[in-house]
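K.L.:
Contents are mmCIF, C-alpha atoms; file name model32.cif:
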data_coords
loop_
_atom_site.label_atom_id
_atom_site.label_comp_id
_atom_site.auth_asym_id
_atom_site.auth_seq_id
_atom_site.Cartn_x
_atom_site.Cartn_y
_atom_site.Cartn_z
CA MET A 219 -12.97 -14.42 5.09
CA ARG A 220 -12.43 -11.07 3.37
CA LEU A 221 -11.34 -8.60 6.05
CA LEU A 222 -10.65 -4.92 6.40
CA PHE A 223 -8.38 -4.13 9.34
CA ALA A 224 -8.85 -0.80 11.14
CA GLY A 225 -6.18 0.41 13.56
CA THR A 226 -3.75 3.23 14.16
CA PRO A 227 -1.15 3.12 17.02
CA ASP A 228 1.56 0.65 18.03
CA VAL A 229 -0.81 -1.21 20.36
CA ALA A 230 -2.77 -2.37 17.28
CA LEU A 231 0.28 -3.91 15.58
CA PRO A 232 0.25 -7.32 17.35
CA SER A 233 -3.37 -7.80 16.25
CA PHE A 234 -2.57 -6.67 12.72
CA GLU A 235 0.35 -9.11 12.52
CA ALA A 236 -1.82 -11.93 13.88
CA VAL A 237 -4.55 -11.24 11.33
CA LEU A 238 -2.01 -11.09 8.50
CA ALA A 239 -0.64 -14.47 9.60
CA SER A 240 -4.13 -16.01 9.77
CA ASP A 241 -6.14 -17.69 7.02
CA HIS A 242 -8.21 -14.53 6.52
CA ASP A 243 -7.74 -12.32 3.46
CA VAL A 244 -6.92 -8.72 4.43
CA VAL A 245 -8.13 -6.61 1.50
CA ALA A 246 -7.28 -3.15 2.90
CA VAL A 247 -6.45 -1.17 6.02
CA LEU A 248 -8.29 1.76 7.56
CA THR A 249 -6.23 4.12 9.72
CA ARG A 250 -6.15 7.72 10.90
CA PRO A 251 -4.65 10.39 8.63
CA ASP A 252 -0.92 11.15 8.82
CA ALA A 253 -0.11 13.24 11.89
CA PRO A 254 2.77 15.60 12.82
CA SER A 255 5.44 14.11 15.07
CA GLY A 256 9.08 14.56 16.00
CA ARG A 257 11.15 17.69 16.46
CA GLY A 258 10.29 19.06 13.01
CA ARG A 259 6.57 18.25 13.39
CA LYS A 260 6.54 16.66 9.95
CA LEU A 261 3.60 14.50 8.87
CA HIS A 262 4.14 10.79 9.42
CA PRO A 263 1.90 7.79 8.74
CA SER A 264 0.55 5.81 11.67
CA PRO A 265 2.41 2.64 12.77
CA VAL A 266 -0.36 0.51 11.25
CA ALA A 267 -0.20 2.47 7.98
CA GLU A 268 3.56 1.95 7.74
CA ARG A 269 3.20 -1.79 8.28
CA ALA A 270 0.34 -2.05 5.79
CA GLU A 271 2.26 -0.14 3.13
CA ALA A 272 5.24 -2.46 3.63
CA GLU A 273 2.86 -5.37 3.03
CA GLY A 274 1.61 -3.73 -0.18
CA LEU A 275 -1.94 -3.28 1.07
CA ASP A 276 -4.30 -0.47 0.16
CA VAL A 277 -4.45 2.04 3.02
CA LEU A 278 -7.51 4.23 3.57
CA LYS A 279 -6.99 7.45 5.56
CA PRO A 280 -10.25 9.40 5.43
CA GLY A 281 -10.45 12.66 7.34
CA SER A 282 -13.90 11.48 8.40
CA THR A 283 -15.58 8.11 8.06
CA ARG A 284 -18.70 10.07 7.11
CA ASP A 285 -17.14 11.11 3.79
CA PRO A 286 -19.22 9.70 0.90
CA GLU A 287 -15.99 8.87 -0.94
CA PHE A 288 -14.85 6.61 1.90
CA LEU A 289 -18.21 4.87 2.00
CA GLU A 290 -17.96 4.12 -1.72
CA GLN A 291 -14.41 2.81 -1.30
CA LEU A 292 -15.56 0.53 1.49
CA ARG A 293 -18.47 -0.82 -0.52
CA GLY A 294 -16.13 -1.44 -3.46
CA LEU A 295 -13.80 -3.49 -1.26
CA ALA A 296 -16.77 -5.62 -0.16
CA PRO A 297 -15.30 -6.93 3.10
CA GLU A 298 -17.29 -9.66 4.80
CA CYS A 299 -16.08 -8.46 8.20
CA CYS A 300 -13.96 -5.62 9.61
CA ALA A 301 -11.58 -6.01 12.55
CA VAL A 302 -10.92 -2.95 14.72
CA VAL A 303 -8.15 -2.32 17.24
CA ALA A 304 -7.60 1.24 18.52
CA TYR A 305 -8.65 2.89 15.28
CA GLY A 306 -9.49 6.17 17.02
CA GLY A 307 -12.51 7.33 15.02
CA LEU A 308 -16.27 6.96 15.11
CA LEU A 309 -18.06 4.72 12.63
CA PRO A 310 -21.49 5.90 11.41
CA THR A 311 -24.38 3.53 10.78
CA ALA A 312 -23.94 3.58 7.01
CA VAL A 313 -20.37 2.33 7.47
CA LEU A 314 -21.29 -0.24 10.11
CA ASP A 315 -23.89 -1.71 7.75
CA VAL A 316 -21.44 -2.50 4.91
CA PRO A 317 -19.83 -5.77 6.06
CA PRO A 318 -22.49 -8.47 6.49
CA LEU A 319 -20.64 -9.97 9.49
CA GLY A 320 -20.10 -6.61 11.14
CA TRP A 321 -17.23 -4.64 12.64
CA ILE A 322 -15.50 -6.64 15.38
CA ASN A 323 -13.65 -4.57 17.96
CA LEU A 324 -10.93 -5.64 20.38
CA HIS A 325 -11.38 -3.54 23.52
CA PHE A 326 -8.88 -3.56 26.38
CA SER A 327 -11.20 -4.22 29.31
CA VAL A 328 -13.64 -6.86 30.48
CA LEU A 329 -16.86 -5.30 29.24
CA PRO A 330 -19.12 -3.77 30.42
CA ALA A 331 -16.41 -2.35 32.69
CA TRP A 332 -14.54 0.66 31.33
CA ARG A 333 -16.27 1.42 28.07
CA GLY A 334 -14.53 4.28 26.31
CA ALA A 335 -11.19 5.63 25.15
CA ALA A 336 -8.86 4.86 28.08
CA PRO A 337 -9.87 1.61 29.81
CA VAL A 338 -6.39 0.57 30.95
CA GLN A 339 -5.57 3.96 32.46
CA HIS A 340 -8.85 4.06 34.37
CA ALA A 341 -8.49 0.48 35.61
CA ILE A 342 -5.07 1.23 37.13
CA ARG A 343 -6.12 4.57 38.60
CA SER A 344 -9.18 2.97 40.20
CA GLY A 345 -7.11 0.25 41.86
CA ASP A 346 -8.54 -2.68 39.89
CA THR A 347 -6.59 -5.90 40.35
CA LEU A 348 -7.94 -7.63 37.23
CA THR A 349 -8.64 -6.47 33.70
CA GLY A 350 -8.54 -8.06 30.25
CA ALA A 351 -9.67 -7.71 26.68
CA THR A 352 -13.02 -8.31 25.01
CA THR A 353 -14.10 -8.81 21.40
CA PHE A 354 -17.51 -7.43 20.51
CA ARG A 355 -19.60 -6.32 17.55
CA ILE A 356 -19.70 -2.54 17.21
CA VAL A 357 -23.07 -0.83 17.50
CA GLU A 358 -23.93 2.86 17.65
CA GLU A 359 -23.87 3.02 21.46
CA LEU A 360 -20.33 3.35 22.84
CA ASP A 361 -18.71 -0.09 23.36
CA ALA A 362 -22.13 -1.58 24.12
CA GLY A 363 -22.36 -4.24 21.41
CA PRO A 364 -22.73 -7.98 22.02
CA THR A 365 -19.53 -9.78 22.99
CA TYR A 366 -17.80 -12.80 21.46
CA GLY A 367 -14.91 -13.60 23.77
CA VAL A 368 -12.76 -12.38 26.65
CA VAL A 369 -9.30 -12.87 28.14
CA THR A 370 -8.29 -11.71 31.60
CA GLU A 371 -5.05 -10.24 32.90
CA PRO A 372 -4.01 -9.44 36.49
CA ILE A 373 -2.86 -5.90 37.24
CA GLY A 374 0.37 -6.00 39.21
CA PRO A 375 1.24 -3.51 41.96
CA THR A 376 3.90 -1.84 39.80
CA ASP A 377 2.19 -2.10 36.40
CA THR A 378 2.07 1.07 34.34
CA ALA A 379 -0.48 1.63 31.59
CA GLY A 380 2.28 0.89 29.10
CA ASP A 381 3.18 -2.42 30.76
CA LEU A 382 -0.42 -3.57 30.87
CA LEU A 383 -1.26 -2.50 27.32
CA GLU A 384 1.80 -4.33 26.02
CA ARG A 385 0.62 -7.61 27.56
CA LEU A 386 -3.00 -7.11 26.52
CA SER A 387 -2.02 -6.26 22.96
CA HIS A 388 -0.58 -9.77 22.56
CA SER A 389 -3.19 -11.81 24.43
CA GLY A 390 -5.87 -9.70 22.76
CA ALA A 391 -4.40 -10.39 19.32
CA ARG A 392 -4.86 -14.11 19.85
CA LEU A 393 -8.41 -13.54 21.06
CA LEU A 394 -9.22 -11.43 18.01
CA VAL A 395 -8.06 -14.10 15.55
CA GLU A 396 -9.94 -16.80 17.45
CA THR A 397 -13.05 -14.63 17.30
CA LEU A 398 -12.69 -14.03 13.58
CA ASP A 399 -12.14 -17.76 13.01
CA GLY A 400 -15.33 -18.58 14.92
CA ILE A 401 -17.36 -15.96 13.05
CA ALA A 402 -16.09 -17.24 9.68
CA ALA A 403 -16.90 -20.82 10.62
CA GLY A 404 -20.35 -19.89 11.93
CA THR A 405 -19.59 -21.48 15.30
CA LEU A 406 -19.47 -18.32 17.41
CA GLU A 407 -22.48 -16.24 18.39
CA PRO A 408 -22.34 -12.93 20.26
CA ARG A 409 -23.96 -12.50 23.66
CA PRO A 410 -25.54 -9.27 24.96
CA GLN A 411 -23.53 -7.41 27.57
CA PRO A 412 -24.86 -7.29 31.14
CA SER A 413 -26.82 -4.13 31.85
CA GLU A 414 -25.36 -3.73 35.35
CA ASP A 415 -21.83 -2.75 36.47
CA VAL A 416 -21.26 -0.49 33.46
CA THR A 417 -18.38 1.96 33.92
CA TYR A 418 -16.89 4.51 31.53
CA ALA A 419 -13.31 5.44 30.75
CA SER A 420 -13.10 8.89 29.24
CA LYS A 421 -10.02 10.04 27.35
CA VAL A 422 -7.15 11.00 29.67
CA GLY A 423 -5.59 14.38 28.95
CA VAL A 424 -2.62 16.22 30.42
CA ASP A 425 -4.78 18.11 32.91
CA ASP A 426 -6.13 14.81 34.24
CA VAL A 427 -2.71 13.61 35.44
CA ARG A 428 -1.48 16.62 37.40
CA ILE A 429 -0.47 15.33 40.82
CA ASP A 430 -2.34 16.60 43.88
CA TRP A 431 0.14 16.00 46.69
CA SER A 432 -2.58 16.30 49.33
CA ARG A 433 -3.95 12.96 48.13
CA PRO A 434 -2.87 9.70 49.85
CA ALA A 435 0.31 8.05 48.61
CA PHE A 436 -1.53 5.03 47.18
CA ALA A 437 -3.72 7.31 45.03
CA ILE A 438 -0.70 9.22 43.73
CA ASP A 439 1.07 5.95 42.92
CA ARG A 440 -1.94 4.77 40.90
CA LEU A 441 -2.31 8.12 39.14
CA VAL A 442 1.33 8.19 38.06
CA ARG A 443 1.31 4.59 36.85
CA SER A 444 -1.92 5.17 34.94
CA GLY A 445 -0.34 8.10 33.12
CA THR A 446 2.89 6.29 32.20
CA PRO A 447 4.07 6.56 29.48
CA ALA A 448 1.33 8.88 28.18
CA PRO A 449 0.23 11.54 28.75
CA GLY A 450 2.71 11.58 31.67
CA ALA A 451 1.91 12.56 35.26
CA TRP A 452 3.35 15.90 36.29
CA THR A 453 3.77 18.54 38.92
CA THR A 454 5.51 21.91 39.06
CA PHE A 455 8.84 22.92 40.58
CA ARG A 456 9.92 26.54 40.68
CA ASP A 457 7.04 27.41 38.34
CA GLU A 458 8.12 24.93 35.64
CA ARG A 459 6.52 21.63 34.77
CA LEU A 460 8.21 18.49 36.05
CA LYS A 461 7.10 15.16 34.59
CA VAL A 462 7.05 12.34 37.15
CA GLY A 463 7.57 8.65 36.47
CA PRO A 464 6.40 5.80 38.74
CA VAL A 465 6.99 6.39 42.45
CA THR A 466 7.57 4.10 45.42
CA VAL A 467 5.38 4.37 48.51
CA VAL A 468 7.63 4.67 51.57
CA THR A 469 6.87 2.11 54.27
CA GLU A 470 9.04 3.39 57.14
CA ALA A 471 7.81 6.03 59.56
CA VAL A 472 8.83 9.32 57.91
CA GLU A 473 6.74 12.46 58.27
CA VAL A 474 6.92 14.95 55.38
CA PRO A 475 4.26 17.63 54.69
CA PRO A 476 2.34 17.24 51.40
CA GLY A 477 4.42 18.40 48.44
CA GLU A 478 7.57 19.05 50.46
CA ILE A 479 10.82 17.68 49.00
CA VAL A 480 13.38 15.85 51.11
CA ALA A 481 16.54 15.12 49.10
CA GLU A 482 18.51 12.32 50.73
CA LYS A 483 21.80 10.89 49.53
CA SER A 484 20.31 8.20 47.30
CA ARG A 485 16.62 9.05 47.07
CA VAL A 486 14.22 11.97 46.86
CA LEU A 487 11.09 11.94 49.00
CA VAL A 488 7.95 14.00 48.50
CA GLY A 489 5.27 14.29 51.14
CA THR A 490 1.67 13.32 50.42
CA GLY A 491 -1.60 13.28 52.33
CA SER A 492 -0.42 10.07 54.02
CA VAL A 493 3.11 8.65 53.86
CA PRO A 494 5.80 10.06 51.54
CA VAL A 495 6.69 8.64 48.15
CA ALA A 496 10.16 8.22 46.67
CA LEU A 497 10.49 9.69 43.19
CA GLY A 498 11.86 7.41 40.49
CA GLU A 499 12.52 9.08 37.15
CA VAL A 500 11.67 12.72 36.51
CA GLN A 501 11.84 14.92 33.44
CA PRO A 502 12.33 18.67 33.82
CA HIS A 503 10.79 20.91 31.17
CA GLY A 504 12.87 20.86 27.99
CA LYS A 505 15.24 18.16 29.24
CA ARG A 506 15.58 14.41 29.05
CA PRO A 507 14.33 12.02 31.73
CA MET A 508 16.75 11.44 34.62
CA ALA A 509 16.92 9.71 37.98
CA ALA A 510 15.37 11.83 40.73
CA ASP A 511 18.54 11.88 42.84
CA ALA A 512 20.55 13.21 39.87
CA TRP A 513 17.90 15.87 39.32
CA ALA A 514 18.01 16.89 42.98
CA ARG A 515 21.80 17.23 42.92
CA GLY A 516 21.42 19.65 40.04
CA VAL A 517 18.62 21.83 41.43
CA HIS A 518 19.54 21.69 45.17
CA PRO A 519 16.05 21.84 46.72
CA GLN A 520 15.97 24.23 49.67
CA PRO A 521 14.66 23.19 53.10
CA ALA A 522 10.85 22.95 53.06
CA GLU A 523 10.77 23.66 49.30
CA ARG A 524 7.77 22.12 47.58
CA VAL A 525 6.52 20.74 44.30
CA GLY A 526 2.99 21.45 43.27
#
Could I get this structure in the form of structure tokens?

P.N.:
Amino acid sequence: MRLLFAGTPDVALPSFEAVLASDHDVVAVLTRPDAPSGRGRKLHPSPVAERAEAEGLDVLKPGSTRDPEFLEQLRGLAPECCAVVAYGGLLPTAVLDVPPLGWINLHFSVLPAWRGAAPVQHAIRSGDTLTGATTFRIVEELDAGPTYGVVTEPIGPTDTAGDLLERLSHSGARLLVETLDGIAAGTLEPRPQPSEDVTYASKVGVDDVRIDWSRPAFAIDRLVRSGTPAPGAWTTFRDERLKVGPVTVVTEAVEVPPGEIVAEKSRVLVGTGSVPVALGEVQPHGKRPMAADAWARGVHPQPAERVG
């Protein structure tokens, strides 16, 4: 089957590699335009673009998928089907109508739960114990198209968004190829999504992962894990931002007011709305990540000093 692959970040690479290794014919790749990164903020191609260029494939990087030029390029490629994994852009109806077998998206949740941009982050923050990945045909309504297949994945008590996405990127890659195989063979038909239990996962920005130390410890733990590695949960210390990595909920009876720091010999506690948490790795503004106890030895928190 003639395929166009659409994807942008690292999480799309396992699927891209699986599709390249399949019997399908990848005729081109669609990805987001080059973006600034690194200390010099120079423009760099996306991870998928770099891999596609190494493979010698045509790479399409339209500023907007509504550009008439892109639509003509797509029609000229004449893909039978388009596979999508974390492309990061909207697809208008005129574009969706080009491949006769549709645009097939790999979404990292068990639909209809967590439609939207950040399903893994929202699943962790909400305390879900199970998630997965779903393949579905893209329609105009957000992540509402009929589904082809699903895999499930338990969410462990220490899983970060990065951990979970890494596992789902590989199990999802297998699911995507199996879905494409079934579509090509005519043996797989999509099924409408249930109309009940629909939840939405909006994009998670920096402001969404500021820690409120008055919240219970379990909620702070989930928030931090959901924001790791990106965009990174944070608080402030002495009026400067302090990025906070995964924490450990303290089980012994220790009373610490919300936000107050207690620097012990080998650990750093912060009070919450319930029991304290022990900080793991922190990153002061303009510095590299470091263990919390090393950070505390450098800044010497004063008695009753707080983060916030």

K.L.:
Apply the PyMOL selection byres ((chain A and resi 396) around 10) to the file shown and report the selected residues as a list in words.

P.N.:
Val237, Ser240, Thr353, Tyr366, Gly367, Gly390, Ala391, Arg392, Leu393, Leu394, Val395, Thr397, Leu398, Asp399, Gly400, Ile401, Ala402 and Leu406 of chain A

K.L.:
Could you tell me how far CA of Val244 (chain A) lies from CA of Lys279 (chain A), in Å and to one decimal?

P.N.:
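It comes out at 16.2 Å.
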
K.L.:
If the PyMOL selection byres ((chain A and resi 315-319) around 9) were run on this exact file, what residues would it hold? Put them as a list in words.

P.N.:
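This file gives the following for the PyMOL selection byres ((chain A and resi 315-319) around 9): Leu221, Leu289, Leu292, Arg293, Ala296, Pro297, Glu298, Cys299, Cys300, Pro310, Thr311, Ala312, Val313, Leu314, Gly320, Trp321, Ile322, Arg355, Ile401 and Ala402 of chain A.
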
K.L.:
Counting only C-alpha atoms, which residue out of A:His242, A:Gly256, A:Leu222, A:Ser420 sits closest to Ala270 (chain A)?

P.N.:
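Answer, going by the shortest atom-to-atom distance: A:Leu222.
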
K.L.:
Fewer than 4 positions away in the same chain doesn't count, so skip those; otherwise give me all residues within 10 Å of region 476-479 of chain A, counting all atoms listed in the file, as an NGL selection string.

P.N.:
:A and (429-435 or 453 or 486-497 or 514 or 519-526)

K.L.:
Convert the current residue selection to file output with C-alpha atoms, as a PDB file, keeping the file's coordinate frame.

P.N.:
ATOM      1  CA  ILE A 429      -0.470  15.330  40.820  1.00  0.00           C
ATOM      2  CA  ASP A 430      -2.340  16.600  43.880  1.00  0.00           C
ATOM      3  CA  TRP A 431       0.140  16.000  46.690  1.00  0.00           C
ATOM      4  CA  SER A 432      -2.580  16.300  49.330  1.00  0.00           C
ATOM      5  CA  ARG A 433      -3.950  12.960  48.130  1.00  0.00           C
ATOM      6  CA  PRO A 434      -2.870   9.700  49.850  1.00  0.00           C
ATOM      7  CA  ALA A 435       0.310   8.050  48.610  1.00  0.00           C
ATOM      8  CA  THR A 453       3.770  18.540  38.920  1.00  0.00           C
ATOM      9  CA  VAL A 486      14.220  11.970  46.860  1.00  0.00           C
ATOM     10  CA  LEU A 487      11.090  11.940  49.000  1.00  0.00           C
ATOM     11  CA  VAL A 488       7.950  14.000  48.500  1.00  0.00           C
ATOM     12  CA  GLY A 489       5.270  14.290  51.140  1.00  0.00           C
ATOM     13  CA  THR A 490       1.670  13.320  50.420  1.00  0.00           C
ATOM     14  CA  GLY A 491      -1.600  13.280  52.330  1.00  0.00           C
ATOM     15  CA  SER A 492      -0.420  10.070  54.020  1.00  0.00           C
ATOM     16  CA  VAL A 493       3.110   8.650  53.860  1.00  0.00           C
ATOM     17  CA  PRO A 494       5.800  10.060  51.540  1.00  0.00           C
ATOM     18  CA  VAL A 495       6.690   8.640  48.150  1.00  0.00           C
ATOM     19  CA  ALA A 496      10.160   8.220  46.670  1.00  0.00           C
ATOM     20  CA  LEU A 497      10.490   9.690  43.190  1.00  0.00           C
ATOM     21  CA  ALA A 514      18.010  16.890  42.980  1.00  0.00           C
ATOM     22  CA  PRO A 519      16.050  21.840  46.720  1.00  0.00           C
ATOM     23  CA  GLN A 520      15.970  24.230  49.670  1.00  0.00           C
ATOM     24  CA  PRO A 521      14.660  23.190  53.100  1.00  0.00           C
ATOM     25  CA  ALA A 522      10.850  22.950  53.060  1.00  0.00           C
ATOM     26  CA  GLU A 523      10.770  23.660  49.300  1.00  0.00           C
ATOM     27  CA  ARG A 524       7.770  22.120  47.580  1.00  0.00           C
ATOM     28  CA  VAL A 525       6.520  20.740  44.300  1.00  0.00           C
ATOM     29  CA  GLY A 526       2.990  21.450  43.270  1.00  0.00           C
TER      30      GLY A 526
END

K.L.:
Just say which residues the PyMOL selection byres ((chain A and resi 339-347) around 6) picks in this file, as a PDB file with C-alpha atoms, in the frame of the given file.

P.N.:
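Heads up, here's the output in part.pdb:
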ATOM      1  CA  ALA A 336      -8.860   4.860  28.080  1.00  0.00           C
ATOM      2  CA  PRO A 337      -9.870   1.610  29.810  1.00  0.00           C
ATOM      3  CA  VAL A 338      -6.390   0.570  30.950  1.00  0.00           C
ATOM      4  CA  LEU A 348      -7.940  -7.630  37.230  1.00  0.00           C
ATOM      5  CA  PRO A 372      -4.010  -9.440  36.490  1.00  0.00           C
ATOM      6  CA  ILE A 373      -2.860  -5.900  37.240  1.00  0.00           C
ATOM      7  CA  ALA A 379      -0.480   1.630  31.590  1.00  0.00           C
ATOM      8  CA  ALA A 419     -13.310   5.440  30.750  1.00  0.00           C
ATOM      9  CA  ARG A 440      -1.940   4.770  40.900  1.00  0.00           C
ATOM     10  CA  LEU A 441      -2.310   8.120  39.140  1.00  0.00           C
ATOM     11  CA  SER A 444      -1.920   5.170  34.940  1.00  0.00           C
TER      12      SER A 444
END

K.L.:
Which residue gives the smallest distance to Gly281 (chain A) among A:Gly334, A:Gly307, A:Pro410, A:Gly258, with all atoms listed in the file counted?

P.N.:
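Ranking A:Gly334, A:Gly307, A:Pro410, A:Gly258 by distance to Gly281 (chain A), first place goes to A:Gly307.
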
K.L.:
Write out as a ChimeraX atom specification each polymer residue whose atoms come within 9 Å of Pro227 (chain A), counting all atoms listed in the file; drop sequence neighbours fewer than 3 positions from it.

P.N.:
/A:230-231,249,264-266,303-306

K.L.:
Distance CA of Ala239 (chain A)-CA of Arg220 (chain A), one decimal place?

P.N.:
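Separation of CA of Ala239 (chain A) and CA of Arg220 (chain A): 13.8 Å.
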
K.L.:
Any idea what the distance is between CA of Pro280 (chain A) and CA of Asp252 (chain A)?

P.N.:
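Answer for the CA of Pro280 (chain A) to CA of Asp252 (chain A) separation: 10.1 Å.
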
K.L.:
Find the residues near Thr417 (chain A): any atom within 9 Å, counting only C-alpha atoms, skip ones fewer than 2 places away on the same chain, and give them as a PyMOL selection string.

P.N.:
chain A and resi 329-334+415+419

K.L.:
Given the choices A:Val467, A:Leu261, A:Ala236, A:Leu308, which gets closest to Ile356 (chain A) if the distance is worked out from only C-alpha atoms?

P.N.:
A:Leu308

K.L.:
Give the answer as one residue: which of A:Pro254, A:Val245, A:Glu499, A:Arg259 has the shortest atom-to-atom distance to Gly294 (chain A), using only C-alpha atoms?

P.N.:
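Closest candidate: A:Val245.
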
K.L.:
Could you check which of A:Leu324, A:Ala448, A:Met219, A:Val357 is closest to Gly463 (chain A), using all atoms listed in the file?

P.N.:
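The shortest atom-to-atom distance to Gly463 (chain A) comes from A:Ala448.
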
K.L.:
Can you work out which one of A:Arg250, A:Arg409, A:His325, A:Arg443 has the shortest atom-to-atom distance to Pro364 (chain A), counting all atoms listed in the file?

P.N.:
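Going through A:Arg250, A:Arg409, A:His325, A:Arg443 one by one, the smallest distance to Pro364 (chain A) is for A:Arg409.
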
K.L.:
At a cut-off of 10 Å, using only C-alpha atoms, what residues contact Arg459 (chain A)? Leave out same-chain residues fewer than 3 positions from it and give the result as JSON, numbers by chain.

P.N.:
{"A": [428, 452, 453, 454, 455, 456, 462, 501, 502, 503, 504, 525, 526]}

K.L.:
Write the residues of the selection above to a file with C-alpha atoms, as a PDB file, in the coordinates of the input.

P.N.:
ATOM      1  CA  ARG A 428      -1.480  16.620  37.400  1.00  0.00           C
ATOM      2  CA  TRP A 452       3.350  15.900  36.290  1.00  0.00           C
ATOM      3  CA  THR A 453       3.770  18.540  38.920  1.00  0.00           C
ATOM      4  CA  THR A 454       5.510  21.910  39.060  1.00  0.00           C
ATOM      5  CA  PHE A 455       8.840  22.920  40.580  1.00  0.00           C
ATOM      6  CA  ARG A 456       9.920  26.540  40.680  1.00  0.00           C
ATOM      7  CA  VAL A 462       7.050  12.340  37.150  1.00  0.00           C
ATOM      8  CA  GLN A 501      11.840  14.920  33.440  1.00  0.00           C
ATOM      9  CA  PRO A 502      12.330  18.670  33.820  1.00  0.00           C
ATOM     10  CA  HIS A 503      10.790  20.910  31.170  1.00  0.00           C
ATOM     11  CA  GLY A 504      12.870  20.860  27.990  1.00  0.00           C
ATOM     12  CA  VAL A 525       6.520  20.740  44.300  1.00  0.00           C
ATOM     13  CA  GLY A 526       2.990  21.450  43.270  1.00  0.00           C
TER      14      GLY A 526
END
